[in-house]
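Quick notes on the structure that follows.
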Amino acid sequence: MNSMNRIYSINKFLKNTFGEKVIKLSLDGNFTCPNRDGSKGFGGCTFCSEKGSGDMASDIPSQIELLSKKWPKAKKFIAYFQNYSGTYKDVNELRKLYYNALAAPNIVGIAIATRPDCINAEILELLDEINQKYFLWVEFGLQTIRDNIAEEINRCYPLSVYDDAIAKLNSRNIKYVTHLILGLPGETRMDMVNSLKYICAPARNLFGIKLHMLNITRGSKLAITHPTYCEFSSIDDYVSFVCDLIEIIPSNITIHRLNGDVPRKLLLAPEWSYMKRTILNGITKELAHRNTYQGKYYENSKKED
């Protein structure tokens, strides 16, 4: 089996949809977050850096210039509002921001990273409107289904809020992606497996998934409380566990990320997390070694629930 056929990557989905390579542009929309401004909490999630997990975000021209060096032939782009909570503004401001991005040359769609407690009725209507005209997905940083762990990381919303938000998006046929962090303090590996199974249940109609290990970054709360914490003993340990998870992800769910992407100067632990190519190559090799693929054991995993 060709390594490209072992997982259903978002790159593969976008190429099939648009007929060529499509690149995400990480944009800074000048957002904040309800657990930073005091409406829900202060300081953000404990793992979040000072830039709200968008340390590489900028504007469309800067991103195109940067990424064109890596993919010089790429001519189509997704406007990806990455840092903080990308729906956490007045709906009129959001309308202007989103449509300005969509009007930029060679932008073929939009992706919005946000929180499930930051989608009210007006914003849902705006997303529905955009979804009927353009390619769109909404991205939620759930991280874990365990509410006690969510409290520890200062997520500031319970699992029920996530369930309500995805039901509303599904009712409008709006695609959504869910982000899980592997190795949060206090979680077991079975907890991580259970979080994965929960979000991948067919009734939830998940479009895409992001997985990566917990990164301890400078400027985060965990940099103070857990500066050297890492659940995984090595790259090989992480790679093996990710491959275990890939085997139980349904084959129709797009995979958007399998490792972190933190600037090395901001990274405290794990010290090997910045080695993105090594990690991804390790996953590819391990899948080939096992002669396995995404969803191979999905049916068996359902029977075990």
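In the structure tokens, chains take the letters A, B, ... in the order shown, each chain's residues start at 1, and ligands count up from 1 in the order shown.
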Practice problem: Skip Leu196 in chain A itself and residues of its chain fewer than 6 positions away, then list as a PyMOL selection string all residues within 8 Å of it, counting only C-alpha atoms. | Solution: chain A and resi 180+245+249
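Separating CA of Ile279 in chain A from CA of Tyr238 in chain A is a distance of 8.4 Å.
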Quiz prompt | Exercise: Leu27 in chain A partners within 7 Å, only C-alpha atoms, chain neighbours under 3 positions left out, as a list of chain:residue names | solution = A:Ala57, A:Ser58, A:Asp59, A:Ile60, A:Ala79, A:Tyr80, A:Phe81, A:Gln82
Hey, can you spit out that residue selection with N, CA and C atoms as a JSON list (two decimals), in the first residue's frame?
[["chain", "number", "residue", "atom", "x", "y", "z"],
["A", 57, "ALA", "N", 0.98, 33.09, 13.05],
["A", 57, "ALA", "CA", -0.06, 33.77, 12.28],
["A", 57, "ALA", "C", 0.35, 35.20, 11.93],
["A", 58, "SER", "N", -0.14, 35.65, 10.76],
["A", 58, "SER", "CA", 0.12, 37.03, 10.34],
["A", 58, "SER", "C", -1.02, 37.47, 9.42],
["A", 59, "ASP", "N", -0.70, 38.11, 8.27],
["A", 59, "ASP", "CA", -1.74, 38.52, 7.33],
["A", 59, "ASP", "C", -1.60, 37.76, 6.02],
["A", 60, "ILE", "N", -2.55, 37.94, 5.12],
["A", 60, "ILE", "CA", -2.58, 37.14, 3.89],
["A", 60, "ILE", "C", -1.34, 37.35, 3.03],
["A", 79, "ALA", "N", -8.07, 30.79, 3.88],
["A", 79, "ALA", "CA", -7.84, 31.81, 4.92],
["A", 79, "ALA", "C", -8.19, 31.17, 6.26],
["A", 80, "TYR", "N", -7.17, 30.97, 7.09],
["A", 80, "TYR", "CA", -7.34, 30.23, 8.36],
["A", 80, "TYR", "C", -7.12, 31.18, 9.54],
["A", 81, "PHE", "N", -8.20, 31.56, 10.20],
["A", 81, "PHE", "CA", -8.10, 32.41, 11.39],
["A", 81, "PHE", "C", -7.76, 31.50, 12.56],
["A", 82, "GLN", "N", -6.49, 31.55, 12.97],
["A", 82, "GLN", "CA", -5.95, 30.51, 13.85],
["A", 82, "GLN", "C", -5.90, 30.90, 15.32]]
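In this comparison, which uses only C-alpha atoms, the residue of A:Thr217, A:Asn106, A:Asn5, A:Ser171 approaching Arg264 in chain A most closely is A:Thr217.
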Quiz item: Could you pull out all residues of range 126-225 of chain A with a DSSP call of alpha helix (DSSP H) and give them as JSON, numbers by chain?
Solution: {"A": [126, 127, 128, 129, 130, 131, 147, 148, 149, 150, 151, 152, 159, 160, 161, 162, 163, 164, 165, 166, 167, 168, 169, 170, 171, 189, 190, 191, 192, 193, 194, 195, 196, 197, 198, 199, 200, 222, 223, 224, 225]}
Quiz item: Which residue out of A:Ile235, A:Leu66, A:Ile149, A:Ala103 has the minimum interatomic distance to Thr188 in chain A when only C-alpha atoms are used?
Solution: A:Ile149
Practice problem: From a DSSP calculation on the backbone, collect every residue of range 26-99 of chain A in strand (DSSP E) and output the set as a ChimeraX atom specification. | Solution: /A:26-27,76-81
Please write the residues from the selection above to a file, keeping all heavy atoms, as an mmCIF file, in the first residue's frame.
data_model
loop_
_atom_site.group_PDB
_atom_site.id
_atom_site.type_symbol
_atom_site.label_atom_id
_atom_site.label_comp_id
_atom_site.auth_asym_id
_atom_site.auth_seq_id
_atom_site.Cartn_x
_atom_site.Cartn_y
_atom_site.Cartn_z
ATOM 1 N N SER A 26 -2.184 30.993 7.884
ATOM 2 C CA SER A 26 -2.503 31.225 9.302
ATOM 3 C C SER A 26 -2.609 32.717 9.559
ATOM 4 O O SER A 26 -1.608 33.440 9.524
ATOM 5 C CB SER A 26 -1.414 30.598 10.184
ATOM 6 O OG SER A 26 -1.389 29.207 10.013
ATOM 7 N N LEU A 27 -3.816 33.177 9.835
ATOM 8 C CA LEU A 27 -4.086 34.605 9.930
ATOM 9 C C LEU A 27 -4.353 35.042 11.366
ATOM 10 O O LEU A 27 -4.958 34.319 12.152
ATOM 11 C CB LEU A 27 -5.296 34.964 9.061
ATOM 12 C CG LEU A 27 -5.226 34.531 7.598
ATOM 13 C CD1 LEU A 27 -6.493 34.967 6.866
ATOM 14 C CD2 LEU A 27 -3.989 35.100 6.918
ATOM 15 N N LYS A 76 -3.712 28.338 -4.779
ATOM 16 C CA LYS A 76 -4.996 28.401 -4.088
ATOM 17 C C LYS A 76 -4.766 28.307 -2.584
ATOM 18 O O LYS A 76 -3.907 27.533 -2.132
ATOM 19 C CB LYS A 76 -5.925 27.279 -4.563
ATOM 20 C CG LYS A 76 -6.371 27.423 -6.008
ATOM 21 C CD LYS A 76 -7.339 26.328 -6.425
ATOM 22 C CE LYS A 76 -7.787 26.515 -7.866
ATOM 23 N NZ LYS A 76 -8.729 25.444 -8.310
ATOM 24 N N PHE A 77 -5.558 29.080 -1.818
ATOM 25 C CA PHE A 77 -5.305 29.193 -0.387
ATOM 26 C C PHE A 77 -6.604 29.191 0.413
ATOM 27 O O PHE A 77 -7.650 29.654 -0.055
ATOM 28 C CB PHE A 77 -4.548 30.496 -0.095
ATOM 29 C CG PHE A 77 -3.278 30.646 -0.891
ATOM 30 C CD1 PHE A 77 -3.265 31.386 -2.058
ATOM 31 C CD2 PHE A 77 -2.107 30.025 -0.478
ATOM 32 C CE1 PHE A 77 -2.105 31.520 -2.809
ATOM 33 C CE2 PHE A 77 -0.935 30.155 -1.216
ATOM 34 C CZ PHE A 77 -0.941 30.907 -2.382
ATOM 35 N N ILE A 78 -6.504 28.663 1.629
ATOM 36 C CA ILE A 78 -7.574 28.755 2.628
ATOM 37 C C ILE A 78 -7.178 29.829 3.634
ATOM 38 O O ILE A 78 -6.068 29.807 4.178
ATOM 39 C CB ILE A 78 -7.752 27.417 3.388
ATOM 40 C CG1 ILE A 78 -8.142 26.289 2.430
ATOM 41 C CG2 ILE A 78 -8.772 27.566 4.522
ATOM 42 C CD1 ILE A 78 -9.560 26.336 1.926
ATOM 43 N N ALA A 79 -8.073 30.792 3.879
ATOM 44 C CA ALA A 79 -7.843 31.806 4.920
ATOM 45 C C ALA A 79 -8.191 31.170 6.264
ATOM 46 O O ALA A 79 -9.357 30.873 6.533
ATOM 47 C CB ALA A 79 -8.703 33.038 4.659
ATOM 48 N N TYR A 80 -7.170 30.971 7.093
ATOM 49 C CA TYR A 80 -7.341 30.235 8.358
ATOM 50 C C TYR A 80 -7.121 31.178 9.537
ATOM 51 O O TYR A 80 -6.002 31.569 9.827
ATOM 52 C CB TYR A 80 -6.346 29.078 8.393
ATOM 53 C CG TYR A 80 -6.282 28.303 9.690
ATOM 54 C CD1 TYR A 80 -7.428 27.987 10.403
ATOM 55 C CD2 TYR A 80 -5.061 27.841 10.174
ATOM 56 C CE1 TYR A 80 -7.367 27.264 11.581
ATOM 57 C CE2 TYR A 80 -4.974 27.113 11.340
ATOM 58 C CZ TYR A 80 -6.132 26.817 12.044
ATOM 59 O OH TYR A 80 -6.060 26.097 13.206
ATOM 60 N N PHE A 81 -8.201 31.565 10.196
ATOM 61 C CA PHE A 81 -8.103 32.414 11.386
ATOM 62 C C PHE A 81 -7.762 31.504 12.558
ATOM 63 O O PHE A 81 -8.610 30.809 13.095
ATOM 64 C CB PHE A 81 -9.394 33.190 11.598
ATOM 65 C CG PHE A 81 -9.600 34.260 10.569
ATOM 66 C CD1 PHE A 81 -10.394 34.040 9.454
ATOM 67 C CD2 PHE A 81 -8.949 35.473 10.691
ATOM 68 C CE1 PHE A 81 -10.550 35.017 8.489
ATOM 69 C CE2 PHE A 81 -9.105 36.464 9.731
ATOM 70 C CZ PHE A 81 -9.903 36.228 8.623
#
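Using only C-alpha atoms, the shortest contact distance between Pro105 in chain A and any of A:Lys69, A:Ala269, A:Ile64, A:Tyr134 is found at A:Ile64.
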Self-check item: Contacts of range 29-36 of chain A at 12 Å (only C-alpha atoms; same-chain gap of 6+ positions) as a VMD selection string
Solution: chain A and resid 42 to 46 48 to 54 57 to 60 79 to 90 93 to 94 96 to 98 100 to 101 112 to 119 151 153 to 157
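Counting from CA of Ala104 in chain A, the distance to CA of Glu122 in chain A is 24.3 Å.
With only C-alpha atoms as the atoms that count, the residue of A:Ser240, A:Ser9, A:Gln143, A:Asn252 with the shortest distance to Glu286 in chain A is A:Ser240.
In this comparison, which uses only C-alpha atoms, the residue of A:Glu129, A:Glu139, A:Glu152, A:Glu187 approaching Ala165 in chain A most closely is A:Glu139.
Closest to Ser234 in chain A among A:Ser195, A:Thr278, A:Thr144, A:Asn170 is A:Thr278, based on only C-alpha atoms.
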Self-check item: Polymer residues at most 12 Å from Asp237 in chain A, only C-alpha atoms, same-chain spacing of 6 or more positions, as a VMD selection string
Solution: chain A and resid 183 189 213 230 to 231 243 to 244 272 279 282 to 283 286
Dump as a PDB file, in the first residue's frame, selection limited to N, CA and C atoms:
ATOM      1  N   GLY A 183      -1.675  13.789  26.047  1.00  0.00           N
ATOM      2  CA  GLY A 183      -0.698  13.884  27.125  1.00  0.00           C
ATOM      3  C   GLY A 183      -0.910  15.023  28.083  1.00  0.00           C
ATOM      4  N   ARG A 189      -3.586   7.163  28.942  1.00  0.00           N
ATOM      5  CA  ARG A 189      -3.698   6.918  27.504  1.00  0.00           C
ATOM      6  C   ARG A 189      -5.082   6.389  27.145  1.00  0.00           C
ATOM      7  N   MET A 213       0.814  16.073  20.549  1.00  0.00           N
ATOM      8  CA  MET A 213       1.207  15.940  21.947  1.00  0.00           C
ATOM      9  C   MET A 213       1.156  17.311  22.622  1.00  0.00           C
ATOM     10  N   CYS A 230       6.150  15.736  30.156  1.00  0.00           N
ATOM     11  CA  CYS A 230       5.853  15.061  28.892  1.00  0.00           C
ATOM     12  C   CYS A 230       5.390  13.650  29.181  1.00  0.00           C
ATOM     13  N   GLU A 231       4.236  13.297  28.687  1.00  0.00           N
ATOM     14  CA  GLU A 231       3.680  11.954  28.856  1.00  0.00           C
ATOM     15  C   GLU A 231       4.459  10.920  28.057  1.00  0.00           C
ATOM     16  N   CYS A 243      -0.056   6.037  15.940  1.00  0.00           N
ATOM     17  CA  CYS A 243      -0.456   5.005  14.982  1.00  0.00           C
ATOM     18  C   CYS A 243      -1.574   4.127  15.548  1.00  0.00           C
ATOM     19  N   ASP A 244      -1.547   3.860  16.853  1.00  0.00           N
ATOM     20  CA  ASP A 244      -2.656   3.148  17.502  1.00  0.00           C
ATOM     21  C   ASP A 244      -3.965   3.909  17.298  1.00  0.00           C
ATOM     22  N   TRP A 272      12.031  17.304  21.797  1.00  0.00           N
ATOM     23  CA  TRP A 272      12.060  16.807  20.420  1.00  0.00           C
ATOM     24  C   TRP A 272      10.836  17.199  19.599  1.00  0.00           C
ATOM     25  N   ILE A 279       9.085  13.292  13.127  1.00  0.00           N
ATOM     26  CA  ILE A 279       7.876  12.680  13.696  1.00  0.00           C
ATOM     27  C   ILE A 279       6.961  12.155  12.595  1.00  0.00           C
ATOM     28  N   GLY A 282       8.369   9.213  10.959  1.00  0.00           N
ATOM     29  CA  GLY A 282       8.259   8.070  11.857  1.00  0.00           C
ATOM     30  C   GLY A 282       6.871   7.453  11.803  1.00  0.00           C
ATOM     31  N   ILE A 283       5.836   8.290  11.731  1.00  0.00           N
ATOM     32  CA  ILE A 283       4.465   7.785  11.633  1.00  0.00           C
ATOM     33  C   ILE A 283       4.276   7.027  10.326  1.00  0.00           C
ATOM     34  N   GLU A 286       6.085   3.703  10.588  1.00  0.00           N
ATOM     35  CA  GLU A 286       5.442   2.763  11.502  1.00  0.00           C
ATOM     36  C   GLU A 286       4.163   2.189  10.896  1.00  0.00           C
TER      37      GLU A 286
END
Practice problem: Excluding Ile246 in chain A and residues on its chain fewer than 5 positions from it, collect all residues at most 12 Å away from it, counting only C-alpha atoms, and give them as a ChimeraX atom specification. | Solution: /A:6-9,193,196-197,200,209-211,239-241,251-255,257-258,283-284,286-287,290,292-298,301
Could you write those residues out with N, CA, C and O atoms, as a CSV table (one decimal), in the first residue's frame?
chain,number,residue,atom,x,y,z
A,6,ARG,N,-2.5,5.5,3.3
A,6,ARG,CA,-2.7,4.9,4.7
A,6,ARG,C,-3.5,5.9,5.6
A,6,ARG,O,-4.1,5.4,6.5
A,7,ILE,N,-3.6,7.2,5.3
A,7,ILE,CA,-4.4,8.1,6.0
A,7,ILE,C,-5.1,9.0,5.0
A,7,ILE,O,-4.7,9.2,3.9
A,8,TYR,N,-6.3,9.5,5.5
A,8,TYR,CA,-7.1,10.5,4.7
A,8,TYR,C,-6.7,11.9,5.2
A,8,TYR,O,-7.4,12.4,6.0
A,9,SER,N,-5.7,12.4,4.6
A,9,SER,CA,-5.2,13.7,5.0
A,9,SER,C,-6.1,14.9,4.5
A,9,SER,O,-6.7,14.7,3.4
A,193,VAL,N,-7.7,7.7,24.3
A,193,VAL,CA,-8.4,6.9,23.4
A,193,VAL,C,-9.9,7.1,23.5
A,193,VAL,O,-10.7,7.2,22.5
A,196,LEU,N,-10.9,10.3,21.7
A,196,LEU,CA,-10.9,10.1,20.3
A,196,LEU,C,-12.2,9.4,19.8
A,196,LEU,O,-12.9,9.8,18.9
A,197,LYS,N,-12.5,8.3,20.5
A,197,LYS,CA,-13.7,7.5,20.1
A,197,LYS,C,-15.0,8.4,20.3
A,197,LYS,O,-15.9,8.3,19.5
A,200,CYS,N,-15.3,10.9,17.4
A,200,CYS,CA,-15.4,10.2,16.1
A,200,CYS,C,-16.7,9.4,15.9
A,200,CYS,O,-16.9,8.8,14.8
A,209,ILE,N,-10.0,16.0,12.1
A,209,ILE,CA,-9.4,15.8,13.5
A,209,ILE,C,-8.0,16.4,13.5
A,209,ILE,O,-7.3,16.2,12.5
A,210,LYS,N,-7.6,17.0,14.6
A,210,LYS,CA,-6.3,17.4,14.8
A,210,LYS,C,-5.8,16.7,16.1
A,210,LYS,O,-6.5,16.7,17.1
A,211,LEU,N,-4.6,16.1,16.0
A,211,LEU,CA,-4.0,15.4,17.2
A,211,LEU,C,-2.6,15.9,17.3
A,211,LEU,O,-1.9,16.1,16.3
A,239,VAL,N,5.1,8.3,18.4
A,239,VAL,CA,4.7,7.7,17.1
A,239,VAL,C,3.9,6.5,17.2
A,239,VAL,O,2.9,6.3,16.5
A,240,SER,N,4.3,5.6,18.1
A,240,SER,CA,3.6,4.3,18.2
A,240,SER,C,2.1,4.5,18.7
A,240,SER,O,1.2,3.9,18.2
A,241,PHE,N,2.0,5.5,19.6
A,241,PHE,CA,0.6,5.7,20.2
A,241,PHE,C,-0.2,6.4,19.1
A,241,PHE,O,-1.4,6.1,19.0
A,251,SER,N,-12.3,6.0,8.5
A,251,SER,CA,-11.6,6.3,7.2
A,251,SER,C,-12.1,7.5,6.5
A,251,SER,O,-11.4,8.1,5.6
A,252,ASN,N,-13.3,8.0,6.8
A,252,ASN,CA,-13.9,9.1,6.1
A,252,ASN,C,-13.6,10.5,6.8
A,252,ASN,O,-14.0,11.5,6.3
A,253,ILE,N,-12.9,10.4,8.0
A,253,ILE,CA,-12.6,11.7,8.7
A,253,ILE,C,-11.2,12.2,8.3
A,253,ILE,O,-10.3,11.4,8.3
A,254,THR,N,-11.2,13.4,7.9
A,254,THR,CA,-9.9,14.0,7.4
A,254,THR,C,-9.0,14.3,8.6
A,254,THR,O,-9.4,14.7,9.6
A,255,ILE,N,-7.7,13.9,8.4
A,255,ILE,CA,-6.7,14.2,9.4
A,255,ILE,C,-5.9,15.4,9.1
A,255,ILE,O,-5.3,15.5,8.0
A,257,ARG,N,-3.8,17.2,11.4
A,257,ARG,CA,-2.5,17.3,12.1
A,257,ARG,C,-2.2,16.1,13.0
A,257,ARG,O,-3.2,15.5,13.6
A,258,LEU,N,-1.0,15.7,13.1
A,258,LEU,CA,-0.6,14.6,13.9
A,258,LEU,C,0.6,14.9,14.8
A,258,LEU,O,1.1,14.1,15.5
A,283,ILE,N,5.8,8.3,11.7
A,283,ILE,CA,4.5,7.8,11.6
A,283,ILE,C,4.3,7.0,10.3
A,283,ILE,O,3.7,5.9,10.3
A,284,THR,N,4.8,7.6,9.2
A,284,THR,CA,4.7,6.9,7.9
A,284,THR,C,5.4,5.6,7.9
A,284,THR,O,4.8,4.6,7.5
A,286,GLU,N,6.1,3.7,10.6
A,286,GLU,CA,5.4,2.8,11.5
A,286,GLU,C,4.2,2.2,10.9
A,286,GLU,O,3.9,1.0,11.0
A,287,LEU,N,3.4,3.0,10.2
A,287,LEU,CA,2.2,2.5,9.5
A,287,LEU,C,2.6,1.4,8.5
A,287,LEU,O,1.9,0.4,8.4
A,290,ARG,N,3.7,-1.8,10.2
A,290,ARG,CA,2.5,-2.6,10.7
A,290,ARG,C,1.6,-3.1,9.5
A,290,ARG,O,0.7,-3.9,9.8
A,292,THR,N,-0.6,-1.2,8.2
A,292,THR,CA,-1.9,-0.8,8.7
A,292,THR,C,-2.3,0.6,8.0
A,292,THR,O,-1.6,1.1,7.2
A,293,TYR,N,-3.5,1.1,8.4
A,293,TYR,CA,-4.0,2.2,7.8
A,293,TYR,C,-5.1,2.8,8.7
A,293,TYR,O,-5.6,2.2,9.6
A,294,GLN,N,-5.5,4.0,8.3
A,294,GLN,CA,-6.6,4.7,9.1
A,294,GLN,C,-7.9,3.9,9.0
A,294,GLN,O,-8.4,3.5,8.0
A,295,GLY,N,-8.4,3.6,10.2
A,295,GLY,CA,-9.7,2.9,10.3
A,295,GLY,C,-9.6,1.4,10.3
A,295,GLY,O,-10.7,0.7,10.3
A,296,LYS,N,-8.4,0.9,10.3
A,296,LYS,CA,-8.3,-0.6,10.2
A,296,LYS,C,-9.0,-1.3,11.3
A,296,LYS,O,-9.7,-2.4,11.0
A,297,TYR,N,-9.0,-0.8,12.5
A,297,TYR,CA,-9.6,-1.4,13.6
A,297,TYR,C,-10.8,-0.6,14.1
A,297,TYR,O,-11.2,-0.8,15.3
A,298,TYR,N,-11.4,0.2,13.3
A,298,TYR,CA,-12.5,1.1,13.7
A,298,TYR,C,-13.7,0.2,14.2
A,298,TYR,O,-14.3,0.5,15.2
A,301,SER,N,-13.1,-1.4,17.4
A,301,SER,CA,-13.1,-0.4,18.5
A,301,SER,C,-14.5,0.0,19.0
A,301,SER,O,-14.8,0.2,20.1
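One finds CA of Val91 in chain A at 9.4 Å from CA of Asn120 in chain A.
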